[in-house]
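S.K.: Quick one: the structure is below, and I'll ask about it shortly.
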Amino acid sequence: MSIASPQAADRGLTDEQRAFVEAIRDFAAREKFDRPEHDAHSHEVAARMGELGWYGLQIPEEYGGSGGSFLDATLFLEEFTRGQIPVAGYGVTLIVVGALNRFGSEEQRREHFGHVVKGGTLAIAMSEPEAGSDVAALKTRARREGDEWVLDGAKMWCSYAHKASHILIVCRTGEGERHEDMSMILVPREAPGMTVTPIPTLGGEETSEIHLDGVRVPEDALLGTEGGGWTQLMAGLNYERTILAATSLGLAQRAFDDALAYAKERRQFGRPIGSFQAISHKFAELATEIAQVRLLVRWVASLTDEDPGRMLPQEASMAKLAASELAKRVALEGVQIMGGYGYATEYPMERHLRTAVVTTIYGGTSEIQKNIIAKTLGL
């Protein structure tokens, strides 16, 4: 067992959490998932996760969920990513689950939680062609007509929207600018007037663009309060960034595991390449960084559990920044260690690198995370 193996950090977990983590690892090892090149999310596998109760995390038992802490959810995120279980749409689903927990009506929770616990996917649409890092510049609008909302606009980079039953659209419901008059509205993916088009990327079909042309939904599709969208977004930032950090951590661990296994087996000059100091020191450094980031991610998740309403801009941004940059670095080192085999599509390392690149971009780029951290330091 390697030093960087997540088992080394599991000593700080409860017996139930350790058993949960082992169950996920056993499932991944038994199934030996080989993720399709262009599709990281399988509805069929997600449904199996639902049958096991794993999709019910953070969903109260009265809605069919299994409850559990936010730390439990991050353990699941890390482990299914490390095990390459093709349920990549779960991360964004969990972001919407958090929004429903905080602001959803009884009817909304019953409808959407009932869908998720069976392995269903939800998505959120924030970014637009002219509003990426500057989300407050969004222009998509919703107006009232009788007892309906009518939406018009365009959204970009909506993770797994093409797999979702409903998409949480962040839009303007008034004439205010920037942080004013923003709202959140749940829209069925098949709603007339809404077009969801997957965008081919380095990592496959994992994100989409959305066009809304007179899309009509009932007035009770509004999540939370009208005009309260910015405040609602801010309330979920700890949650979103820690979710992304946990998946990035899982990817870093998987890339490390694959590179380490190769370095132990590949022989050159009469011995395994991992025995050369130039290679062994790379693994020593990466193992240390993975252990550090794992502790950081779990600490932020635990802080969130202690006080779900507490804002953690510095801590959550640190977790997202550290984990995403680590995932990219480990995958790149993995390619270098494996040489031509790391570059070849026959082996998964080049795919790990393609997948890792976007982790430093979505959910707030690394530069945005650094801005936030610096601001919390009074700079």
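Convention: chains lettered A, B, ... in structure tokens order; per-chain residue numbering from 1; ligands numbered from 1 as shown.
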List the neighbours of A:Gly104 out to 12 Å using only C-alpha atoms; skip same-chain residues closer than 2 positions along the sequence, and give me the result as an NGL selection string.

M.R.: :A and (96-102 or 106-113 or 168 or 184-186 or 220-225 or 232)

S.K.: Considering only alpha helix (DSSP H) as DSSP defines it on the backbone, what residues of stretch 86-285 of chain A qualify? List them as a PyMOL selection string.

M.R.: chain A and resi 90-103+106-116+229-235+237-265+277-285

S.K.: Those residues you just picked out, can you put them in a file as a PDB file, in the first residue's frame with C-alpha atoms?

M.R.:
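Output saved as selection.pdb:
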```pdb
ATOM      1  CA  TYR A  90     -23.238  13.634  -9.420  1.00  0.00           C
ATOM      2  CA  GLY A  91     -21.079  16.607  -8.435  1.00  0.00           C
ATOM      3  CA  VAL A  92     -23.296  19.213 -10.082  1.00  0.00           C
ATOM      4  CA  THR A  93     -26.365  17.299  -8.891  1.00  0.00           C
ATOM      5  CA  LEU A  94     -25.118  17.654  -5.321  1.00  0.00           C
ATOM      6  CA  ILE A  95     -24.699  21.413  -5.847  1.00  0.00           C
ATOM      7  CA  VAL A  96     -28.388  21.677  -6.782  1.00  0.00           C
ATOM      8  CA  VAL A  97     -29.358  19.368  -3.905  1.00  0.00           C
ATOM      9  CA  GLY A  98     -27.668  21.845  -1.577  1.00  0.00           C
ATOM     10  CA  ALA A  99     -29.657  24.733  -3.072  1.00  0.00           C
ATOM     11  CA  LEU A 100     -32.893  22.779  -2.671  1.00  0.00           C
ATOM     12  CA  ASN A 101     -32.050  21.974   0.940  1.00  0.00           C
ATOM     13  CA  ARG A 102     -31.484  25.653   1.681  1.00  0.00           C
ATOM     14  CA  PHE A 103     -34.200  27.307  -0.373  1.00  0.00           C
ATOM     15  CA  GLU A 106     -41.732  21.238   0.200  1.00  0.00           C
ATOM     16  CA  GLU A 107     -43.115  20.406  -3.246  1.00  0.00           C
ATOM     17  CA  GLN A 108     -39.794  21.084  -4.975  1.00  0.00           C
ATOM     18  CA  ARG A 109     -37.885  18.931  -2.532  1.00  0.00           C
ATOM     19  CA  ARG A 110     -40.270  16.016  -2.855  1.00  0.00           C
ATOM     20  CA  GLU A 111     -40.193  16.117  -6.648  1.00  0.00           C
ATOM     21  CA  HIS A 112     -36.480  16.580  -7.218  1.00  0.00           C
ATOM     22  CA  PHE A 113     -35.109  14.645  -4.265  1.00  0.00           C
ATOM     23  CA  GLY A 114     -37.284  11.712  -5.270  1.00  0.00           C
ATOM     24  CA  HIS A 115     -35.646  11.831  -8.690  1.00  0.00           C
ATOM     25  CA  VAL A 116     -32.080  12.159  -7.384  1.00  0.00           C
ATOM     26  CA  GLY A 229     -30.552  34.835  -6.454  1.00  0.00           C
ATOM     27  CA  TRP A 230     -27.210  36.477  -5.687  1.00  0.00           C
ATOM     28  CA  THR A 231     -27.544  35.873  -1.955  1.00  0.00           C
ATOM     29  CA  GLN A 232     -28.592  32.293  -2.654  1.00  0.00           C
ATOM     30  CA  LEU A 233     -25.565  31.762  -4.899  1.00  0.00           C
ATOM     31  CA  MET A 234     -23.215  33.116  -2.241  1.00  0.00           C
ATOM     32  CA  ALA A 235     -24.762  30.819   0.376  1.00  0.00           C
ATOM     33  CA  LEU A 237     -20.160  28.715  -2.539  1.00  0.00           C
ATOM     34  CA  ASN A 238     -18.562  26.730   0.312  1.00  0.00           C
ATOM     35  CA  TYR A 239     -20.555  23.754  -0.840  1.00  0.00           C
ATOM     36  CA  GLU A 240     -19.777  24.069  -4.553  1.00  0.00           C
ATOM     37  CA  ARG A 241     -16.057  24.676  -4.198  1.00  0.00           C
ATOM     38  CA  THR A 242     -15.595  21.820  -1.749  1.00  0.00           C
ATOM     39  CA  ILE A 243     -17.496  19.479  -4.061  1.00  0.00           C
ATOM     40  CA  LEU A 244     -15.168  20.397  -6.919  1.00  0.00           C
ATOM     41  CA  ALA A 245     -12.152  20.045  -4.622  1.00  0.00           C
ATOM     42  CA  ALA A 246     -13.185  16.523  -3.605  1.00  0.00           C
ATOM     43  CA  THR A 247     -13.558  15.336  -7.201  1.00  0.00           C
ATOM     44  CA  SER A 248     -10.220  16.927  -8.133  1.00  0.00           C
ATOM     45  CA  LEU A 249      -8.605  15.136  -5.205  1.00  0.00           C
ATOM     46  CA  GLY A 250     -10.019  11.823  -6.392  1.00  0.00           C
ATOM     47  CA  LEU A 251      -8.623  12.450  -9.864  1.00  0.00           C
ATOM     48  CA  ALA A 252      -5.205  13.326  -8.448  1.00  0.00           C
ATOM     49  CA  GLN A 253      -5.184  10.088  -6.457  1.00  0.00           C
ATOM     50  CA  ARG A 254      -6.150   8.022  -9.496  1.00  0.00           C
ATOM     51  CA  ALA A 255      -3.441   9.583 -11.667  1.00  0.00           C
ATOM     52  CA  PHE A 256      -0.920   8.957  -8.868  1.00  0.00           C
ATOM     53  CA  ASP A 257      -2.015   5.323  -8.473  1.00  0.00           C
ATOM     54  CA  ASP A 258      -1.693   4.628 -12.202  1.00  0.00           C
ATOM     55  CA  ALA A 259       1.705   6.298 -12.469  1.00  0.00           C
ATOM     56  CA  LEU A 260       3.011   4.476  -9.392  1.00  0.00           C
ATOM     57  CA  ALA A 261       1.868   1.087 -10.667  1.00  0.00           C
ATOM     58  CA  TYR A 262       3.611   1.767 -13.972  1.00  0.00           C
ATOM     59  CA  ALA A 263       6.843   2.933 -12.274  1.00  0.00           C
ATOM     60  CA  LYS A 264       7.001  -0.293 -10.263  1.00  0.00           C
ATOM     61  CA  GLU A 265       6.500  -2.521 -13.309  1.00  0.00           C
ATOM     62  CA  GLN A 277      15.957   8.874  -7.524  1.00  0.00           C
ATOM     63  CA  ALA A 278      14.696  11.309 -10.157  1.00  0.00           C
ATOM     64  CA  ILE A 279      11.430   9.353 -10.312  1.00  0.00           C
ATOM     65  CA  SER A 280      11.144   8.298  -6.664  1.00  0.00           C
ATOM     66  CA  HIS A 281      11.455  11.907  -5.484  1.00  0.00           C
ATOM     67  CA  LYS A 282       8.593  12.935  -7.749  1.00  0.00           C
ATOM     68  CA  PHE A 283       6.395  10.339  -6.047  1.00  0.00           C
ATOM     69  CA  ALA A 284       7.568  11.415  -2.596  1.00  0.00           C
ATOM     70  CA  GLU A 285       6.603  15.021  -3.280  1.00  0.00           C
TER      71      GLU A 285
END
```

S.K.: With only C-alpha atoms as the atoms that count, which of A:Thr207, A:Ser275, A:Ser165, A:Ser366 lies nearest to A:Ser317?

M.R.: A:Ser366

S.K.: For the structure I just gave you, how does DSSP split stretch 37-169 of chain A - specifically, which residues are strand (DSSP E)? Reply as a list in words.

M.R.: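 Put together, the selection reads Leu122, Ala123, Ile124, Ala125, Arg141, Ala142, Arg143, Arg144, Glu145, Glu148, Trp149, Val150, Leu151, Asp152, Gly153, Ala154, Lys155, Met156, Trp157, Cys158, Ser159, His166, Ile167, Leu168 and Ile169 of chain A.
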
S.K.: Between A:Glu209, A:Asp26, A:Asp134, A:Glu226, which is the closest to A:Arg178 once you count only C-alpha atoms?

M.R.: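 Looking at the shortest contact to A:Arg178, the residue is A:Asp134.
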
S.K.: Find the spatial neighbours of A:Glu22, counting only C-alpha atoms, within a cut-off of 12 Å - ignore same-chain residues fewer than 3 positions away - and output them as a list in words.

M.R.: Pro6, Gln7, Asp10, Leu13, Asp15, Glu16, Gln17, Arg18, Ala19, Arg25, Asp26, Phe27, Ala28, Ala29, Arg30, Leu75, Phe76, Glu79, Phe80 and Gly83 of chain A

S.K.: Using the selection just defined, write its residues with N, CA and C atoms as a PDB file, in the first residue's frame.

M.R.:
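New file selection28.pdb:
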```
ATOM      1  N   PRO A   6      -5.305   6.681  -0.098  1.00  0.00           N
ATOM      2  CA  PRO A   6      -6.246   7.345   0.797  1.00  0.00           C
ATOM      3  C   PRO A   6      -6.489   6.589   2.096  1.00  0.00           C
ATOM      4  N   GLN A   7      -6.169   5.296   2.133  1.00  0.00           N
ATOM      5  CA  GLN A   7      -6.339   4.559   3.388  1.00  0.00           C
ATOM      6  C   GLN A   7      -5.555   5.186   4.521  1.00  0.00           C
ATOM      7  N   ASP A  10      -7.645   7.645   6.316  1.00  0.00           N
ATOM      8  CA  ASP A  10      -8.948   7.204   6.782  1.00  0.00           C
ATOM      9  C   ASP A  10      -9.019   7.015   8.290  1.00  0.00           C
ATOM     10  N   LEU A  13     -11.549   9.055  10.259  1.00  0.00           N
ATOM     11  CA  LEU A  13     -12.963   8.867   9.983  1.00  0.00           C
ATOM     12  C   LEU A  13     -13.598   7.955  11.030  1.00  0.00           C
ATOM     13  N   ASP A  15     -16.006   4.707  12.193  1.00  0.00           N
ATOM     14  CA  ASP A  15     -16.082   3.334  11.681  1.00  0.00           C
ATOM     15  C   ASP A  15     -17.060   3.258  10.509  1.00  0.00           C
ATOM     16  N   GLU A  16     -18.185   3.960  10.621  1.00  0.00           N
ATOM     17  CA  GLU A  16     -19.186   3.941   9.559  1.00  0.00           C
ATOM     18  C   GLU A  16     -18.640   4.564   8.279  1.00  0.00           C
ATOM     19  N   GLN A  17     -17.899   5.646   8.418  1.00  0.00           N
ATOM     20  CA  GLN A  17     -17.331   6.298   7.243  1.00  0.00           C
ATOM     21  C   GLN A  17     -16.271   5.437   6.587  1.00  0.00           C
ATOM     22  N   ARG A  18     -15.444   4.778   7.392  1.00  0.00           N
ATOM     23  CA  ARG A  18     -14.430   3.884   6.820  1.00  0.00           C
ATOM     24  C   ARG A  18     -15.086   2.734   6.064  1.00  0.00           C
ATOM     25  N   ALA A  19     -16.164   2.197   6.635  1.00  0.00           N
ATOM     26  CA  ALA A  19     -16.870   1.103   5.970  1.00  0.00           C
ATOM     27  C   ALA A  19     -17.497   1.582   4.661  1.00  0.00           C
ATOM     28  N   ARG A  25     -14.803   1.550  -2.748  1.00  0.00           N
ATOM     29  CA  ARG A  25     -13.582   1.013  -3.353  1.00  0.00           C
ATOM     30  C   ARG A  25     -13.788  -0.418  -3.840  1.00  0.00           C
ATOM     31  N   ASP A  26     -14.471  -1.208  -3.037  1.00  0.00           N
ATOM     32  CA  ASP A  26     -14.733  -2.593  -3.424  1.00  0.00           C
ATOM     33  C   ASP A  26     -15.607  -2.644  -4.678  1.00  0.00           C
ATOM     34  N   PHE A  27     -16.612  -1.779  -4.722  1.00  0.00           N
ATOM     35  CA  PHE A  27     -17.509  -1.723  -5.882  1.00  0.00           C
ATOM     36  C   PHE A  27     -16.712  -1.379  -7.140  1.00  0.00           C
ATOM     37  N   ALA A  28     -15.862  -0.352  -7.050  1.00  0.00           N
ATOM     38  CA  ALA A  28     -15.067   0.079  -8.206  1.00  0.00           C
ATOM     39  C   ALA A  28     -14.092  -1.018  -8.634  1.00  0.00           C
ATOM     40  N   ALA A  29     -13.471  -1.682  -7.653  1.00  0.00           N
ATOM     41  CA  ALA A  29     -12.507  -2.738  -7.973  1.00  0.00           C
ATOM     42  C   ALA A  29     -13.197  -3.938  -8.613  1.00  0.00           C
ATOM     43  N   ARG A  30     -14.370  -4.257  -8.124  1.00  0.00           N
ATOM     44  CA  ARG A  30     -15.106  -5.407  -8.646  1.00  0.00           C
ATOM     45  C   ARG A  30     -15.595  -5.173 -10.073  1.00  0.00           C
ATOM     46  N   LEU A  75     -16.510  12.271   0.702  1.00  0.00           N
ATOM     47  CA  LEU A  75     -15.852  10.967   0.633  1.00  0.00           C
ATOM     48  C   LEU A  75     -16.329  10.208  -0.602  1.00  0.00           C
ATOM     49  N   PHE A  76     -17.624  10.258  -0.849  1.00  0.00           N
ATOM     50  CA  PHE A  76     -18.186   9.596  -2.030  1.00  0.00           C
ATOM     51  C   PHE A  76     -17.641  10.217  -3.314  1.00  0.00           C
ATOM     52  N   GLU A  79     -14.012   9.131  -3.861  1.00  0.00           N
ATOM     53  CA  GLU A  79     -13.829   7.715  -4.157  1.00  0.00           C
ATOM     54  C   GLU A  79     -14.400   7.298  -5.498  1.00  0.00           C
ATOM     55  N   PHE A  80     -15.551   7.855  -5.901  1.00  0.00           N
ATOM     56  CA  PHE A  80     -16.056   7.423  -7.206  1.00  0.00           C
ATOM     57  C   PHE A  80     -15.202   8.018  -8.328  1.00  0.00           C
ATOM     58  N   GLY A  83     -12.093   5.827  -8.409  1.00  0.00           N
ATOM     59  CA  GLY A  83     -12.424   4.528  -8.970  1.00  0.00           C
ATOM     60  C   GLY A  83     -12.918   4.575 -10.402  1.00  0.00           C
TER      61      GLY A  83
END
```
